[in-house]
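**Q** Structure incoming, see below.
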Amino acid sequence: MPPGAPLTWYLGLSAVVFAIGTVGVLVRRNIIVIFMAIELMLNAVNLTFVAFARSLGSMDGQVIVFFVMTVAAAEAAVGLAIILALFRNRETTNADELVTLRWIVLLPAAGVFFHVFLGRRAIAAVKVVGPGLVGAAFAVAVVAAFRLRALPEGGILRDHVYTWIAAGPFRADAVLRLDALSAVMALVVTGVGFLIHVYSVGYMSGDRGFARYFAYLNLFTTAMLILVLADNLVLLFVGWEGVGLCSYLLIGFWYEKPENAAAGKKAFLVNRIGDAGFLLGLFVLVWTLGRHGFWTLDVAEIERHLDVLRTATIGGWPVPVVVGLLLFMGATGKSAQLPLYVWLPDAMAGPTPVSALIHAATMVTAGVYMIARLHALYALAPAALTVVAVVGAATALFAAVIATAQTDIKRVLAYSTVSQLGYMFLGLGVGATGAAVFHLVTHAFFKALLFLGAGSVIHGLGGEQDMQRMGGLRERMPVTFWTMAAAGLAIAGVPPLAGFFSKDEIVSSAFREMPVLGVVGLVAAALTAYYTGRLLCLTFLGRSRLSHEAEHHVHESPPVMTLPLAILAVGAVAGGFLPVPALLGHRGEAGAPLALMALATGLAVGGLWLAYQLHVVHPAVPAQVAARLGGFYQLVRDKFRVDELYDAVVIRPLFAAADVAARGIDPKLIDGTVNGTGMLVAATSGVWRRLQTGNVQHYALFFLLGALALLGYYVGR
């Protein structure tokens with residue numbers, strides 16, 4: 001840096017170079033130019049680091065520059081190889097003529113192989129490769145979204161990877177599909193997922209399973225991307241099962257503790273129940289279409305043959321109703337709705353970033369996406385949609401009530417997720433598909449932020465999760481507080497933050513179709529505001545209730561954790577202005593009545609005010625209220641003892657039946673039959689053995705006796 005040149009000159013130059021590179025990525029069509037633009041952006045970053053290092057008289061920035069240059073060199077080699085391969089296969093470098101959808105899936109998948117085979121020996125590289133490949137997938141998804149936008153309304157991008165299943169008349173290809181719905185989902189999964197990956201670098205630092213953790217995390221992202229980009233329901237089911245497997249691996253990541261391993265198994269087994277219904281739905285669907293000569297599960301083909309499904313029946317029931325209910329059974333498992341929600345609150349046994357990924361950007365949104373994808377099929381089954389709406393509304397209220405009495409900060413957020421997913425299903429059930437997906441997007445911002453913020457608190461307190469042993473953290477963890485406050489106001493529905501717009505559209509649609517469910521939605525919204533305010537007050541406001549160990553350990557999280565919080569806070573604040581319903585072609589859903597918006601705002605503000613009064617101004621009152629409520633409060637705090645009910649009604653009888661089978665049926669009936677057959681053979685073999693003397697004269701005698709017996713039989717007839 002020449003003497004006298006101010007730092008701002010170099011920062012300005014860096015900003016200009018970075019902007020030129022960004023424009024090149026977004027507007028250019030030649031992939032070589034796009035590649036050069038990316039290199040330009042990396043050089044701008046390097047210039048910034050060098051400028052700060054020289055200005056501060058520190059070598060840190062220059063060390064980071066060498067690291068970035070190393071990564072850029074590797075990226076250049078891989079990038080040029082990819083460009084060369086594409087040119088050989090397609091004889092073009094025009095981005096518009098090259099299909100890029102597969103790279104959205106392959107990039108995080110490549111990370112899985114890297115972490116598995118090289119991760120343990122290159123932990124420093126894992127910190128870059130894990131988040132970096134998901135970020136690259138996000139960049140490819142952005143480029144693909146711009147290509148989709150250039151198409152006429154309703155346009156679709158497809159990428160035929162290979163022919164997968166060809167069994168008789170049935171065919172299922174590995175084809176990826178990008179339309180408005182899958183583009184929104186792909187951007188959410190890769191964008192929010194990228195921030196969670198970056199956050200994980202700081203949160204999981206020093207863990208001996210660091211590489212294994214990122215292998216699972218990349219695999220989770222890959223499976224979810226397969227699910228949302230699948231062009232047929234068979235490939236969608238691959239992603240569907242993939243996220244189920246990854247949830248098991250990540251929830252039980254710290255498997256040394258039996259309770260963590262048990263939580264992973266619980267998630268896996270509960271989802272198997274729902275997936276059985278999902279599979280039956282697919283079987284009924286393909287069997288119905290196959291009877292009419294259409295052996296397919298392609299989404300476009302299903303929509304093309306809705307007239308066949310409209311009049312088809314099975315056992316006297318309309319096929320769309322049967323298929324809709326069976327598929328919804330799968331959704332209740334994946335998206336944690338009544339009665340299969342019980343796995344999700346226990347999913348917090350895994351690392352906190354895993355909770356953020358499951359709750360915000362991947363697994364629990366799968367059921368919502370599936371029904372939104374098949375909205376044309378569900379439109380033929382009003383009865384199934386009514387069930388979806390009622391279950392969603394009931395789940396939203398039920399889980400919100402439970403959240404008001406929990407003291408574990410992650411458990412509050414877990415039941416909050418169950419409740420918010422209920423809102424999405426309520427929207428789907430009343431026909432507000434655009435509003436439901438809109439709430440999915442806004443929820444991804446503020447719920448990821450809430451979970452990562454909770455992780456920051458837990459990290460800062462040395463592992464403490466009980467809100468009753470927190471308090472007074474506002475000044476000591478300011479970034480975490482303000483970002484979580486933004487997320488809390490958003491989920492509460494305070495205007496003009498993200499949750500206000502999406503939630504109000506769902507409630508408004510519910511009032512138009514089923515007013516009773518609209519009332520349920522408003523009550524759940526008031527409870528949401530209260531338990532969110534309670535979480536913020538108990539954690540950050542009031543007097544400190546920290547233990548002696550936590551008091552000395554408390555600190556703000558490092559920048560690698562707080563930067564994702566700040567970015568997500570922008571989404572939580574401004575995400576409500578995204579025109580998601582319009583992008584999905586649901587323009588008729590825009591906006592709720594002014595009176596309803598005012599009422600919802602009043603409930604949100606009232607719930608937050610009540611939480612502040614009870615837990616900051618008058619902190620002794622909640623205990624008095626709990627004492628007056630007596631057994632009901634204890635029932636709510638015990639989560640209505642649903643787990644105990646399932647244990648008594650389902651689990652114990654199954655174990656008892658298994659014990660009877662193991663002690664009685666298996667050894668006595670099954671083994672007895674098999675062993676008895678062997679004993680019978682052994683007992684009779686002695687008799688038959690005496691007849692096998694090896695003497696030819698004896699065999700001739702028996703032959704003669706047999707012949708005489710046959711002769712006597714025929715003569716005597």
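Following the order of the structure tokens, first chain is A, next is B, and so on, with residues numbered from 1 inside each chain and ligands from 1 in the order they appear.
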May I have the residues within 9 Å of Leu217 in chain A as an mmCIF file with C-alpha atoms, in the first residue's frame, using only C-alpha atoms and disregarding those fewer than 3 positions away in the same chain?

**A**
```cif
data_model
loop_
_atom_site.group_PDB
_atom_site.id
_atom_site.type_symbol
_atom_site.label_atom_id
_atom_site.label_comp_id
_atom_site.auth_asym_id
_atom_site.auth_seq_id
_atom_site.Cartn_x
_atom_site.Cartn_y
_atom_site.Cartn_z
ATOM 1 C CA VAL A 112 -19.857 -36.268 1.227
ATOM 2 C CA GLY A 130 -18.298 -28.499 3.649
ATOM 3 C CA HIS A 197 -22.981 -25.002 7.408
ATOM 4 C CA ARG A 212 -18.273 -37.152 10.010
ATOM 5 C CA TYR A 213 -20.626 -34.337 11.003
ATOM 6 C CA PHE A 214 -20.073 -32.452 7.740
ATOM 7 C CA PHE A 220 -28.723 -34.259 4.267
ATOM 8 C CA THR A 221 -28.598 -31.325 1.863
ATOM 9 C CA THR A 222 -28.106 -33.659 -1.110
ATOM 10 C CA CYS A 246 -29.799 -38.416 7.639
ATOM 11 C CA LEU A 250 -27.542 -36.498 12.871
ATOM 12 C CA VAL A 354 -28.711 -29.946 13.011
ATOM 13 C CA LEU A 357 -31.323 -27.605 9.389
#
```

**Q** Using only C-alpha atoms, which residues sit within 7 Å of range 340-346 of chain A once same-chain residues fewer than 6 positions away are excluded, as a PyMOL selection string?

**A** chain A and resi 263+266-267+270+332-333+411+414-415

**Q** Generate a file of the selected residues that holds all heavy atoms, formatted as a compact mmCIF listing (two decimals), in the first residue's frame.

**A**
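Final output, saved to selection_29.txt:
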```txt
# COMPACT_ATOMS: atom_id res chain seq x y z
N ALA A 263 -33.15 -41.15 20.74
CA ALA A 263 -33.88 -40.11 20.00
C ALA A 263 -33.74 -40.34 18.49
O ALA A 263 -34.71 -40.15 17.73
CB ALA A 263 -33.35 -38.73 20.38
N LYS A 266 -35.96 -43.20 17.56
CA LYS A 266 -37.36 -42.79 17.63
C LYS A 266 -37.77 -42.05 16.36
O LYS A 266 -38.83 -42.32 15.78
CB LYS A 266 -37.58 -41.90 18.85
CG LYS A 266 -39.01 -41.46 19.08
CD LYS A 266 -39.12 -40.63 20.35
CE LYS A 266 -40.55 -40.21 20.62
NZ LYS A 266 -40.65 -39.42 21.87
N ALA A 267 -36.93 -41.14 15.91
CA ALA A 267 -37.23 -40.40 14.68
C ALA A 267 -37.32 -41.35 13.50
O ALA A 267 -38.23 -41.25 12.65
CB ALA A 267 -36.14 -39.35 14.43
N VAL A 270 -40.64 -43.72 13.90
CA VAL A 270 -41.91 -42.98 13.72
C VAL A 270 -42.10 -42.63 12.24
O VAL A 270 -43.21 -42.74 11.70
CB VAL A 270 -41.94 -41.72 14.60
CG1 VAL A 270 -43.14 -40.84 14.25
CG2 VAL A 270 -42.01 -42.10 16.07
N THR A 332 -47.48 -36.48 7.70
CA THR A 332 -47.58 -36.30 9.15
C THR A 332 -46.33 -36.82 9.86
O THR A 332 -45.98 -36.33 10.94
CB THR A 332 -48.82 -37.00 9.72
OG1 THR A 332 -48.75 -38.41 9.45
CG2 THR A 332 -50.10 -36.43 9.15
N GLY A 333 -45.67 -37.82 9.26
CA GLY A 333 -44.43 -38.30 9.84
C GLY A 333 -43.28 -37.36 9.55
O GLY A 333 -42.61 -36.87 10.47
N ARG A 411 -36.36 -27.08 23.29
CA ARG A 411 -37.65 -27.77 23.27
C ARG A 411 -38.78 -26.80 22.96
O ARG A 411 -39.74 -27.14 22.26
CB ARG A 411 -37.91 -28.49 24.60
CG ARG A 411 -39.05 -29.49 24.53
CD ARG A 411 -39.13 -30.30 25.80
NE ARG A 411 -38.02 -31.23 25.94
CZ ARG A 411 -37.97 -32.42 25.38
NH1 ARG A 411 -38.98 -32.84 24.61
NH2 ARG A 411 -36.94 -33.21 25.56
N ALA A 414 -38.66 -26.43 19.34
CA ALA A 414 -39.11 -27.64 18.66
C ALA A 414 -40.63 -27.67 18.56
O ALA A 414 -41.20 -27.94 17.49
CB ALA A 414 -38.60 -28.87 19.40
N TYR A 415 -41.31 -27.40 19.66
CA TYR A 415 -42.78 -27.37 19.61
C TYR A 415 -43.28 -26.19 18.79
O TYR A 415 -44.34 -26.26 18.18
CB TYR A 415 -43.35 -27.34 21.03
CG TYR A 415 -43.39 -28.71 21.65
CD1 TYR A 415 -42.45 -29.07 22.62
CD2 TYR A 415 -44.32 -29.66 21.26
CE1 TYR A 415 -42.46 -30.34 23.18
CE2 TYR A 415 -44.34 -30.92 21.81
CZ TYR A 415 -43.41 -31.26 22.77
OH TYR A 415 -43.41 -32.52 23.32
```

**Q** State, in Å with one decimal place, the distance from CA of Val142 in chain A to CA of Met484 in chain A.

**A** 27.2 Å
